[in-house]
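Q: query_28.cif (mmCIF, C-alpha atoms) pasted underneath:
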```cif
data_run
loop_
_atom_site.label_atom_id
_atom_site.label_comp_id
_atom_site.auth_asym_id
_atom_site.auth_seq_id
_atom_site.Cartn_x
_atom_site.Cartn_y
_atom_site.Cartn_z
CA MET A 1 1.10 -7.19 37.99
CA SER A 2 -0.53 -3.79 37.54
CA SER A 3 -4.05 -3.37 36.24
CA ARG A 4 -2.72 -1.64 33.10
CA SER A 5 -0.44 -4.60 32.33
CA LYS A 6 -3.32 -7.04 32.71
CA ALA A 7 -5.54 -4.87 30.52
CA LEU A 8 -2.80 -4.60 27.92
CA GLN A 9 -2.32 -8.37 27.82
CA TYR A 10 -6.08 -8.89 27.46
CA TYR A 11 -6.19 -6.30 24.66
CA ILE A 12 -3.33 -7.92 22.74
CA LEU A 13 -4.82 -11.41 23.20
CA THR A 14 -8.18 -10.18 21.92
CA ARG A 15 -6.60 -8.61 18.84
CA LEU A 16 -4.64 -11.81 18.15
CA MET A 17 -7.84 -13.83 18.30
CA LEU A 18 -9.72 -11.42 16.02
CA ALA A 19 -7.02 -11.41 13.33
CA PRO A 20 -7.83 -14.90 11.90
CA LEU A 21 -11.53 -13.99 11.87
CA MET A 22 -10.79 -10.85 9.87
CA LEU A 23 -8.71 -12.84 7.38
CA PHE A 24 -11.42 -15.51 7.11
CA THR A 25 -13.97 -12.78 6.31
CA ILE A 26 -11.73 -11.36 3.59
CA VAL A 27 -11.19 -14.81 2.06
CA SER A 28 -14.93 -15.54 2.03
CA VAL A 29 -15.91 -12.17 0.53
CA VAL A 30 -13.28 -12.44 -2.23
CA PHE A 31 -14.39 -15.99 -3.09
CA LEU A 32 -18.07 -15.05 -3.34
CA LEU A 33 -17.49 -11.80 -5.24
CA LEU A 34 -15.39 -13.57 -7.87
CA ARG A 35 -18.15 -16.13 -8.44
CA ALA A 36 -20.75 -13.38 -8.63
CA THR A 37 -18.97 -11.35 -11.31
CA PRO A 38 -20.21 -11.84 -14.88
CA GLY A 39 -18.09 -13.76 -17.35
CA ASP A 40 -16.76 -17.28 -17.73
CA PRO A 41 -13.07 -18.06 -17.03
CA ALA A 42 -13.17 -20.66 -19.79
CA ASP A 43 -14.21 -18.00 -22.32
CA ALA A 44 -11.54 -15.58 -21.04
CA ILE A 45 -8.79 -18.21 -21.27
CA LEU A 46 -9.77 -20.16 -24.40
CA GLY A 47 -11.74 -17.50 -26.25
CA ASN A 48 -15.40 -17.36 -27.25
CA ARG A 49 -14.85 -19.49 -30.36
CA ALA A 50 -13.32 -22.45 -28.52
CA PRO A 51 -15.25 -25.73 -28.72
CA GLU A 52 -17.72 -26.34 -25.90
CA ALA A 53 -16.02 -29.64 -25.13
CA ALA A 54 -12.72 -27.83 -24.46
CA LYS A 55 -14.49 -25.28 -22.26
CA ALA A 56 -16.26 -28.01 -20.30
CA ALA A 57 -12.96 -29.84 -19.80
CA LEU A 58 -11.32 -26.64 -18.51
CA ARG A 59 -14.22 -25.97 -16.11
CA GLU A 60 -13.86 -29.50 -14.78
CA GLN A 61 -10.11 -29.02 -14.40
CA LEU A 62 -10.68 -25.78 -12.45
CA GLY A 63 -13.41 -27.34 -10.33
CA LEU A 64 -15.96 -24.81 -11.58
CA ASP A 65 -18.46 -27.58 -12.36
CA LEU A 66 -18.78 -28.41 -8.67
CA PRO A 67 -21.46 -26.90 -6.41
CA LEU A 68 -20.49 -23.53 -4.96
CA TRP A 69 -20.33 -24.80 -1.36
CA LEU A 70 -18.00 -27.61 -2.39
CA GLN A 71 -15.75 -25.19 -4.29
CA TYR A 72 -15.63 -23.04 -1.16
CA LEU A 73 -14.72 -25.90 1.18
CA THR A 74 -12.08 -27.12 -1.27
CA TYR A 75 -10.55 -23.65 -1.42
CA LEU A 76 -10.49 -23.32 2.37
CA GLY A 77 -8.78 -26.70 2.59
CA GLN A 78 -6.09 -25.50 0.17
CA LEU A 79 -5.55 -22.32 2.18
CA LEU A 80 -5.06 -24.31 5.39
CA LYS A 81 -2.17 -26.04 3.60
CA PHE A 82 -0.84 -22.60 2.44
CA ASP A 83 -1.63 -23.62 -1.12
CA LEU A 84 -2.81 -20.64 -3.18
CA GLY A 85 -3.27 -22.70 -6.30
CA THR A 86 -1.80 -22.52 -9.79
CA SER A 87 -2.08 -19.50 -12.06
CA LEU A 88 -4.05 -20.06 -15.24
CA THR A 89 -2.36 -17.29 -17.21
CA SER A 90 1.28 -17.50 -16.09
CA ARG A 91 2.36 -20.70 -17.82
CA GLY A 92 1.45 -22.93 -14.92
CA LEU A 93 3.32 -21.03 -12.23
CA ASP A 94 2.15 -21.37 -8.67
CA VAL A 95 0.44 -18.24 -7.35
CA TRP A 96 3.18 -18.02 -4.71
CA GLN A 97 5.73 -17.79 -7.53
CA VAL A 98 3.70 -15.04 -9.20
CA ILE A 99 3.67 -13.14 -5.89
CA GLN A 100 7.43 -13.60 -5.45
CA GLN A 101 8.07 -12.26 -8.96
CA HIS A 102 5.94 -9.12 -8.73
CA PHE A 103 5.75 -8.18 -5.05
CA PRO A 104 9.28 -6.65 -4.81
CA ALA A 105 8.34 -4.05 -7.43
CA THR A 106 5.28 -3.09 -5.37
CA VAL A 107 7.37 -2.87 -2.19
CA GLU A 108 9.88 -0.58 -3.89
CA LEU A 109 7.24 1.73 -5.32
CA THR A 110 5.35 1.81 -2.00
CA PHE A 111 8.44 2.55 0.09
CA PHE A 112 9.62 5.49 -1.99
CA GLY A 113 6.07 6.76 -2.50
CA MET A 114 5.51 6.78 1.27
CA LEU A 115 8.87 8.48 1.80
CA VAL A 116 7.80 11.30 -0.51
CA ALA A 117 4.32 11.46 1.08
CA VAL A 118 5.56 11.68 4.67
CA THR A 119 8.30 14.19 3.85
CA ILE A 120 5.99 16.57 1.99
CA GLY A 121 2.92 16.00 4.18
CA VAL A 122 4.64 16.45 7.54
CA GLY A 123 6.64 19.43 6.27
CA VAL A 124 3.62 21.27 4.86
CA GLY A 125 1.52 20.36 7.91
CA MET A 126 4.14 21.74 10.30
CA LEU A 127 4.49 24.95 8.30
CA SER A 128 0.73 25.44 8.16
CA ALA A 129 0.14 24.73 11.87
CA SER A 130 2.99 26.96 13.07
CA ARG A 131 1.91 29.91 10.87
CA GLN A 132 -1.78 30.15 11.74
CA GLY A 133 -3.77 32.77 9.88
CA THR A 134 -1.00 33.46 7.35
CA ILE A 135 -0.74 32.64 3.66
CA PHE A 136 1.23 29.51 4.62
CA ASP A 137 -1.76 28.28 6.62
CA ILE A 138 -4.19 28.94 3.77
CA GLY A 139 -1.82 27.37 1.25
CA GLY A 140 -1.38 24.30 3.45
CA ARG A 141 -5.14 23.81 3.69
CA LEU A 142 -5.59 24.13 -0.07
CA PHE A 143 -2.69 21.74 -0.64
CA GLY A 144 -4.27 19.13 1.63
CA ILE A 145 -7.70 19.42 -0.01
CA ILE A 146 -6.43 19.36 -3.60
CA THR A 147 -3.97 16.48 -3.21
CA TYR A 148 -6.56 14.43 -1.32
CA ALA A 149 -9.27 15.03 -3.93
CA LEU A 150 -7.35 14.54 -7.19
CA PRO A 151 -7.90 11.13 -8.85
CA LEU A 152 -4.65 9.18 -8.90
CA PHE A 153 -5.03 7.75 -12.40
CA TRP A 154 -5.87 11.20 -13.84
CA MET A 155 -2.91 12.83 -12.14
CA GLY A 156 -0.66 10.05 -13.36
CA MET A 157 -1.71 10.58 -16.97
CA VAL A 158 -1.27 14.37 -16.67
CA VAL A 159 2.22 13.91 -15.24
CA GLN A 160 3.09 11.47 -18.03
CA LEU A 161 1.78 13.87 -20.66
CA ILE A 162 3.84 16.79 -19.34
CA PHE A 163 7.10 15.22 -18.20
CA SER A 164 7.31 12.23 -20.54
CA VAL A 165 5.51 13.13 -23.77
CA LYS A 166 5.97 16.91 -23.95
CA LEU A 167 9.28 17.46 -22.15
CA GLY A 168 10.79 13.99 -22.54
CA TRP A 169 12.47 14.15 -19.14
CA PHE A 170 11.28 10.79 -17.84
CA PRO A 171 10.15 7.47 -19.34
CA LEU A 172 6.44 6.81 -19.79
CA GLY A 173 6.50 3.72 -17.65
CA THR A 174 7.96 0.32 -16.79
CA ARG A 175 10.62 -0.40 -14.19
CA PHE A 176 13.87 -0.76 -16.13
CA PRO A 177 14.91 -0.31 -19.79
CA LEU A 178 14.81 -3.46 -21.92
CA ASN A 179 18.27 -2.86 -23.40
CA ILE A 180 20.01 -2.80 -20.00
CA ASP A 181 20.35 -5.78 -17.69
CA PRO A 182 18.64 -5.23 -14.31
CA PRO A 183 20.63 -5.76 -11.11
CA PRO A 184 21.20 -9.37 -10.00
CA SER A 185 18.18 -10.46 -7.97
CA ILE A 186 19.13 -10.54 -4.29
CA SER A 187 16.16 -8.89 -2.63
CA GLY A 188 14.16 -8.15 -5.79
CA LEU A 189 14.41 -4.41 -5.06
CA TYR A 190 16.42 -2.86 -7.89
CA THR A 191 17.66 0.09 -5.82
CA LEU A 192 18.83 -2.10 -2.94
CA ASP A 193 20.32 -4.77 -5.20
CA SER A 194 22.27 -2.09 -7.11
CA ILE A 195 23.75 -0.83 -3.85
CA LEU A 196 24.58 -4.34 -2.65
CA THR A 197 26.40 -5.13 -5.91
CA GLY A 198 28.07 -1.71 -6.05
CA ASN A 199 26.67 -0.89 -9.49
CA PHE A 200 25.73 2.77 -9.19
CA LEU A 201 24.88 3.09 -12.89
CA GLN A 202 22.07 0.59 -12.36
CA LEU A 203 21.08 2.47 -9.19
CA ARG A 204 20.80 5.73 -11.11
CA THR A 205 18.73 4.01 -13.81
CA ALA A 206 16.43 2.38 -11.26
CA LEU A 207 15.83 5.71 -9.49
CA TYR A 208 15.29 7.44 -12.83
CA TYR A 209 12.49 5.04 -13.77
CA LEU A 210 11.11 5.11 -10.23
CA PHE A 211 11.00 8.89 -9.89
CA LEU A 212 7.81 9.77 -11.76
CA PRO A 213 5.47 7.07 -10.36
CA CYS A 214 6.70 7.40 -6.76
CA VAL A 215 6.51 11.22 -6.77
CA THR A 216 3.00 11.11 -8.25
CA LEU A 217 1.87 8.55 -5.68
CA GLY A 218 3.60 10.31 -2.80
CA LEU A 219 2.33 13.76 -3.73
CA LEU A 220 -1.31 12.68 -3.73
CA LEU A 221 -0.90 10.75 -0.48
CA SER A 222 0.85 13.64 1.24
CA GLY A 223 -2.46 15.47 1.69
CA ILE A 224 -3.56 12.83 4.21
CA PHE A 225 -0.50 13.41 6.39
CA GLU A 226 -0.67 17.19 5.97
CA ARG A 227 -4.18 17.35 7.36
CA ILE A 228 -3.44 15.05 10.30
CA VAL A 229 -0.23 16.87 11.27
CA ARG A 230 -1.80 20.32 10.90
CA VAL A 231 -4.85 19.53 13.04
CA ASN A 232 -2.99 17.65 15.78
CA LEU A 233 -0.05 20.04 15.90
CA ARG A 234 -2.39 23.02 16.16
CA GLN A 235 -4.16 21.42 19.12
CA THR A 236 -0.85 20.48 20.74
CA LEU A 237 0.50 24.01 20.43
CA LYS A 238 -2.48 25.21 22.52
CA SER A 239 -1.92 22.70 25.33
CA ASP A 240 -0.89 23.65 28.86
CA TYR A 241 2.60 22.18 28.79
CA VAL A 242 3.42 24.12 25.61
CA GLU A 243 2.20 27.34 27.22
CA ALA A 244 4.35 26.53 30.25
CA ALA A 245 7.36 26.04 28.00
CA ARG A 246 6.74 29.43 26.39
CA ALA A 247 6.46 31.01 29.84
CA ARG A 248 9.91 29.65 30.69
CA GLY A 249 11.31 31.49 27.68
CA ILE A 250 12.05 28.43 25.51
CA PRO A 251 12.41 29.46 21.85
CA GLU A 252 9.41 28.70 19.65
CA HIS A 253 11.34 26.44 17.27
CA LYS A 254 12.53 24.26 20.16
CA ILE A 255 8.98 24.03 21.51
CA LEU A 256 7.79 22.97 18.06
CA TRP A 257 10.45 20.29 17.51
CA ASN A 258 11.13 19.03 21.03
CA HIS A 259 7.70 19.20 22.64
CA ALA A 260 4.71 19.64 20.33
CA LEU A 261 5.73 17.58 17.29
CA LYS A 262 6.32 14.33 19.18
CA ASN A 263 2.76 14.18 20.48
CA ALA A 264 1.29 15.41 17.22
CA LEU A 265 2.95 12.56 15.31
CA ILE A 266 1.31 9.75 17.30
CA PRO A 267 -1.78 9.64 15.01
CA VAL A 268 0.55 9.85 12.00
CA ILE A 269 2.15 6.54 12.99
CA THR A 270 -1.24 4.82 12.82
CA VAL A 271 -2.16 6.34 9.46
CA LEU A 272 1.34 5.69 8.11
CA GLY A 273 1.16 2.00 8.94
CA LEU A 274 -2.32 1.51 7.55
CA THR A 275 -1.59 3.49 4.39
CA PHE A 276 1.64 1.57 3.83
CA ALA A 277 -0.22 -1.72 4.28
CA ALA A 278 -2.95 -0.61 1.89
CA LEU A 279 -0.39 0.36 -0.74
CA LEU A 280 1.45 -2.93 -0.32
CA GLY A 281 -1.97 -4.40 -0.89
CA GLY A 282 -1.78 -3.03 -4.38
CA ALA A 283 -1.17 0.47 -5.64
CA VAL A 284 -3.19 -0.75 -8.59
CA LEU A 285 -3.97 2.58 -10.26
CA THR A 286 -0.39 3.79 -10.08
CA GLU A 287 1.04 0.52 -11.34
CA VAL A 288 -1.42 0.24 -14.23
CA THR A 289 -1.00 3.90 -15.23
CA PHE A 290 2.81 3.69 -15.28
CA SER A 291 3.00 0.08 -16.53
CA TRP A 292 4.82 -0.76 -13.32
CA PRO A 293 5.29 -4.57 -13.12
CA GLY A 294 4.10 -4.90 -9.55
CA LEU A 295 1.56 -7.14 -7.89
CA GLY A 296 -1.25 -4.60 -8.29
CA ASN A 297 -0.74 -4.56 -12.06
CA ARG A 298 -0.64 -8.36 -12.10
CA LEU A 299 -3.90 -8.43 -10.14
CA TYR A 300 -5.52 -6.15 -12.71
CA GLU A 301 -4.45 -8.49 -15.51
CA ALA A 302 -5.71 -11.55 -13.62
CA ILE A 303 -9.12 -9.93 -13.06
CA SER A 304 -9.38 -9.05 -16.75
CA LEU A 305 -8.63 -12.68 -17.71
CA ARG A 306 -10.85 -14.23 -14.99
CA ASP A 307 -7.83 -16.02 -13.53
CA TYR A 308 -9.59 -17.10 -10.34
CA PRO A 309 -6.64 -18.74 -8.55
CA THR A 310 -4.34 -15.76 -9.13
CA VAL A 311 -6.95 -13.18 -8.10
CA GLN A 312 -7.89 -15.15 -4.98
CA GLY A 313 -4.27 -15.79 -4.03
CA ILE A 314 -3.17 -12.19 -4.44
CA MET A 315 -6.20 -10.85 -2.57
CA VAL A 316 -5.61 -13.26 0.31
CA PHE A 317 -1.96 -12.17 0.38
CA PHE A 318 -2.98 -8.51 0.40
CA GLY A 319 -5.57 -9.17 3.09
CA ALA A 320 -3.00 -10.91 5.28
CA ILE A 321 -0.68 -7.91 4.97
CA VAL A 322 -3.40 -5.46 6.02
CA VAL A 323 -4.52 -7.65 8.94
CA VAL A 324 -0.98 -8.15 10.24
CA MET A 325 -0.09 -4.47 9.88
CA SER A 326 -3.31 -3.43 11.64
CA LEU A 327 -2.51 -5.81 14.48
CA VAL A 328 1.05 -4.52 14.82
CA ILE A 329 -0.10 -0.88 14.78
CA ASP A 330 -2.76 -1.49 17.44
CA ILE A 331 -0.22 -3.20 19.71
CA VAL A 332 2.44 -0.52 19.18
CA ASN A 333 -0.05 2.26 19.89
CA ALA A 334 -1.22 0.50 23.04
CA LEU A 335 2.38 0.22 24.24
CA ILE A 336 3.49 3.79 23.52
CA ASP A 337 0.32 5.79 24.18
CA PRO A 338 -0.93 5.65 27.79
CA ARG A 339 -4.14 7.44 26.80
CA ILE A 340 -5.47 4.32 25.05
CA ARG A 341 -8.13 2.47 27.05
CA TYR A 342 -8.87 -1.21 26.65
#
```
Take the structure in this file and express it as structure tokens.
A:
Amino acid sequence: MSSRSKALQYYILTRLMLAPLMLFTIVSVVFLLLRATPGDPADAILGNRAPEAAKAALREQLGLDLPLWLQYLTYLGQLLKFDLGTSLTSRGLDVWQVIQQHFPATVELTFFGMLVAVTIGVGVGMLSASRQGTIFDIGGRLFGIITYALPLFWMGMVVQLIFSVKLGWFPLGTRFPLNIDPPPSISGLYTLDSILTGNFLQLRTALYYLFLPCVTLGLLLSGIFERIVRVNLRQTLKSDYVEAARARGIPEHKILWNHALKNALIPVITVLGLTFAALLGGAVLTEVTFSWPGLGNRLYEAISLRDYPTVQGIMVFFGAIVVVMSLVIDIVNALIDPRIRY
């Protein structure tokens, strides 16, 4: 076995061992932060005017009357059994059921938002890097800075004001009109379920309601990819093998597509995976702004109502997604990029 293979195995084993520690850290921080925030769940659920006896009974039911260390150990014991608890504000549903209800909407918004972001970001980055010193280069830089700096919630409200309120082209929010039945739930993704059932009217409606939030999200994320592609592609176009290809008379567009772009996109894969994981972990601002019924919006509601089990369960779920995606990205990069050292 070669030294690189042994090093790769050691690297992967180390990352696998660190993943549970990362998740444990996330679980602990979320638990402590929730207990440190001001406010009483009993007041949020029952109201300030509820009798003290009812509040005390609810605290006892939730285990909030126990010492903090005992609450923590109890919660860790539940997690080891894959028990995320019962939601306090969703009519007694398990937190897993809450996740199953709302997560598909987040996946759908994230997927199409990332599709828009990568398409625009890579395209603008390529144009800027291949036209150095021109107006396209300057415009690409400004595009990257502006889209990266704009607040997402502010941009969402501006887009709603223009295209929904003033022009009336798109709905203000939500995922599907109330007077039309959504597609039968197969995957939970309205666009995919519409295709699977062959109902293209529902597909058109789902895309219509999805357009504004996913374009807003994707446009503001595209600046990240534009900057990475522009910087890496510019460096790649100055490399020796690209100069050798030019010396052989290969057309510039073939050099760009067949030689330079492949190497320039390696960092994009890493950022793409991490950004996708982060968005799956709750595109909260987008979902709240557009009243999108995803898991990020549900998390916002649970925080407002001090629904400890739901907040903890969703955050642990989000944390697991980020940890797993980070692990997968590290392993994939180690396999495809020989420049990585262990």
Q: So the first atom is CA of Leu207 (chain A) and the second is CA of Phe176 (chain A); what is the distance between them in Å, to one decimal place?
A: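 Between CA of Leu207 (chain A) and CA of Phe176 (chain A) the gap works out to 9.5 Å.
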Q: At a cut-off of 12 Å from (3.8, 6.4, 12.0) in the coordinates of the file, what residues are picked up using only C-alpha atoms, written as a PyMOL selection string?
A: chain A and resi 114-115+118+122+225+228-229+262-277+325+328-330+332-333+336
Q: With C-alpha atoms retained, could you export that selection as a compact mmCIF listing (two decimals), keeping the file's coordinate frame?
A:
```
# COMPACT_ATOMS: atom_id res chain seq x y z
CA MET A 114 5.51 6.78 1.27
CA LEU A 115 8.87 8.48 1.80
CA VAL A 118 5.56 11.68 4.67
CA VAL A 122 4.64 16.45 7.54
CA PHE A 225 -0.50 13.41 6.39
CA ILE A 228 -3.44 15.05 10.30
CA VAL A 229 -0.23 16.87 11.27
CA LYS A 262 6.32 14.33 19.18
CA ASN A 263 2.76 14.18 20.48
CA ALA A 264 1.29 15.41 17.22
CA LEU A 265 2.95 12.56 15.31
CA ILE A 266 1.31 9.75 17.30
CA PRO A 267 -1.78 9.64 15.01
CA VAL A 268 0.55 9.85 12.00
CA ILE A 269 2.15 6.54 12.99
CA THR A 270 -1.24 4.82 12.82
CA VAL A 271 -2.16 6.34 9.46
CA LEU A 272 1.34 5.69 8.11
CA GLY A 273 1.16 2.00 8.94
CA LEU A 274 -2.32 1.51 7.55
CA THR A 275 -1.59 3.49 4.39
CA PHE A 276 1.64 1.57 3.83
CA ALA A 277 -0.22 -1.72 4.28
CA MET A 325 -0.09 -4.47 9.88
CA VAL A 328 1.05 -4.52 14.82
CA ILE A 329 -0.10 -0.88 14.78
CA ASP A 330 -2.76 -1.49 17.44
CA VAL A 332 2.44 -0.52 19.18
CA ASN A 333 -0.05 2.26 19.89
CA ILE A 336 3.49 3.79 23.52
```
Q: With only C-alpha atoms as the counted atoms, please give the residues lying no more than 10 Å from Ser87 (chain A), apart from itself and same-chain residues fewer than 5 positions off, as a list in words.
A: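 Near neighbours after the sequence-gap exclusion: Gly92, Leu93, Asp94, Val95, Trp96, Gln97, Val98, Ala302, Asp307, Tyr308, Pro309, Thr310, Val311 and Gly313 of chain A.
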Q: Provide the CA of Ile162 (chain A) to CA of Pro213 (chain A) distance in Å, to one decimal place.
A: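 Distance reported for this atom pair: 13.3 Å.
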Q: Contacts of Ser194 (chain A) at 12 Å or less, counting all atoms listed in the file, minus same-chain residues fewer than 2 places along, as a CSV table (one decimal) with C-alpha atoms, keeping the file's coordinate frame?
A:
```
chain,number,residue,atom,x,y,z
A,181,ASP,CA,20.4,-5.8,-17.7
A,182,PRO,CA,18.6,-5.2,-14.3
A,183,PRO,CA,20.6,-5.8,-11.1
A,184,PRO,CA,21.2,-9.4,-10.0
A,185,SER,CA,18.2,-10.5,-8.0
A,186,ILE,CA,19.1,-10.5,-4.3
A,187,SER,CA,16.2,-8.9,-2.6
A,188,GLY,CA,14.2,-8.2,-5.8
A,189,LEU,CA,14.4,-4.4,-5.1
A,190,TYR,CA,16.4,-2.9,-7.9
A,191,THR,CA,17.7,0.1,-5.8
A,192,LEU,CA,18.8,-2.1,-2.9
A,196,LEU,CA,24.6,-4.3,-2.6
A,197,THR,CA,26.4,-5.1,-5.9
A,198,GLY,CA,28.1,-1.7,-6.0
A,199,ASN,CA,26.7,-0.9,-9.5
A,200,PHE,CA,25.7,2.8,-9.2
A,201,LEU,CA,24.9,3.1,-12.9
A,202,GLN,CA,22.1,0.6,-12.4
A,203,LEU,CA,21.1,2.5,-9.2
A,204,ARG,CA,20.8,5.7,-11.1
A,205,THR,CA,18.7,4.0,-13.8
A,206,ALA,CA,16.4,2.4,-11.3
A,207,LEU,CA,15.8,5.7,-9.5
```
Q: Rounded to one decimal place, report the CA of Pro104 (chain A)-CA of Leu295 (chain A) distance in Å.
A: 8.3 Å
Q: Can you work out which one of A:Leu66, A:Leu285, A:Ile26, A:Val323 has the shortest atom-to-atom distance to Leu299 (chain A), counting all atoms listed in the file?
A: A:Leu285
Q: With all atoms listed in the file counted, which protein, DNA or RNA residues have an atom no more than 10 Å from (-15.5, -17.4, -2.2) in the file frame? Please answer as a PyMOL selection string.
A: chain A and resi 25-36+68-69+71-73+75-76+312
Q: Kindly indicate which residue among A:Ile314, A:Leu327, A:Ala129, A:Val159 lies nearest to Leu16 (chain A), using all atoms listed in the file for the distances.
A: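 Using all atoms listed in the file, Leu16 (chain A) sits closest to A:Leu327.
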Q: Excluding Leu152 (chain A) and any residue of its chain fewer than 2 positions from it, enumerate the residues within 10 Å of it, using only C-alpha atoms, and give them as an NGL selection string.
A: :A and (147-150 or 154-158 or 216-217 or 219-221 or 283 or 285-286 or 289)
Q: Nearest to Pro177 (chain A) among A:Tyr208, A:Phe163, A:Asp193, A:Arg234, with distances taken over all atoms listed in the file: which residue is it?
A: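 Closest residue, counting all atoms listed in the file: A:Tyr208.
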Q: Taking into account all atoms listed in the file, which residue in the set A:Gln78, A:Thr134, A:Gln100, A:Thr174 is nearest to Ser291 (chain A)?
A: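 Of all the options, A:Thr174 lies closest to Ser291 (chain A).
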Q: Using only C-alpha atoms, which residue out of A:Leu62, A:Gln101, A:Ile321, A:Ser326 lies closest to Gly85 (chain A)?
A: A:Leu62
Q: Choose the residue, out of A:Leu79, A:Met315, A:Leu58, A:Ile303, that has the smallest atom-to-atom separation from Thr37 (chain A); count all atoms listed in the file.
A: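 Among the listed residues, A:Ile303 lies closest to Thr37 (chain A).
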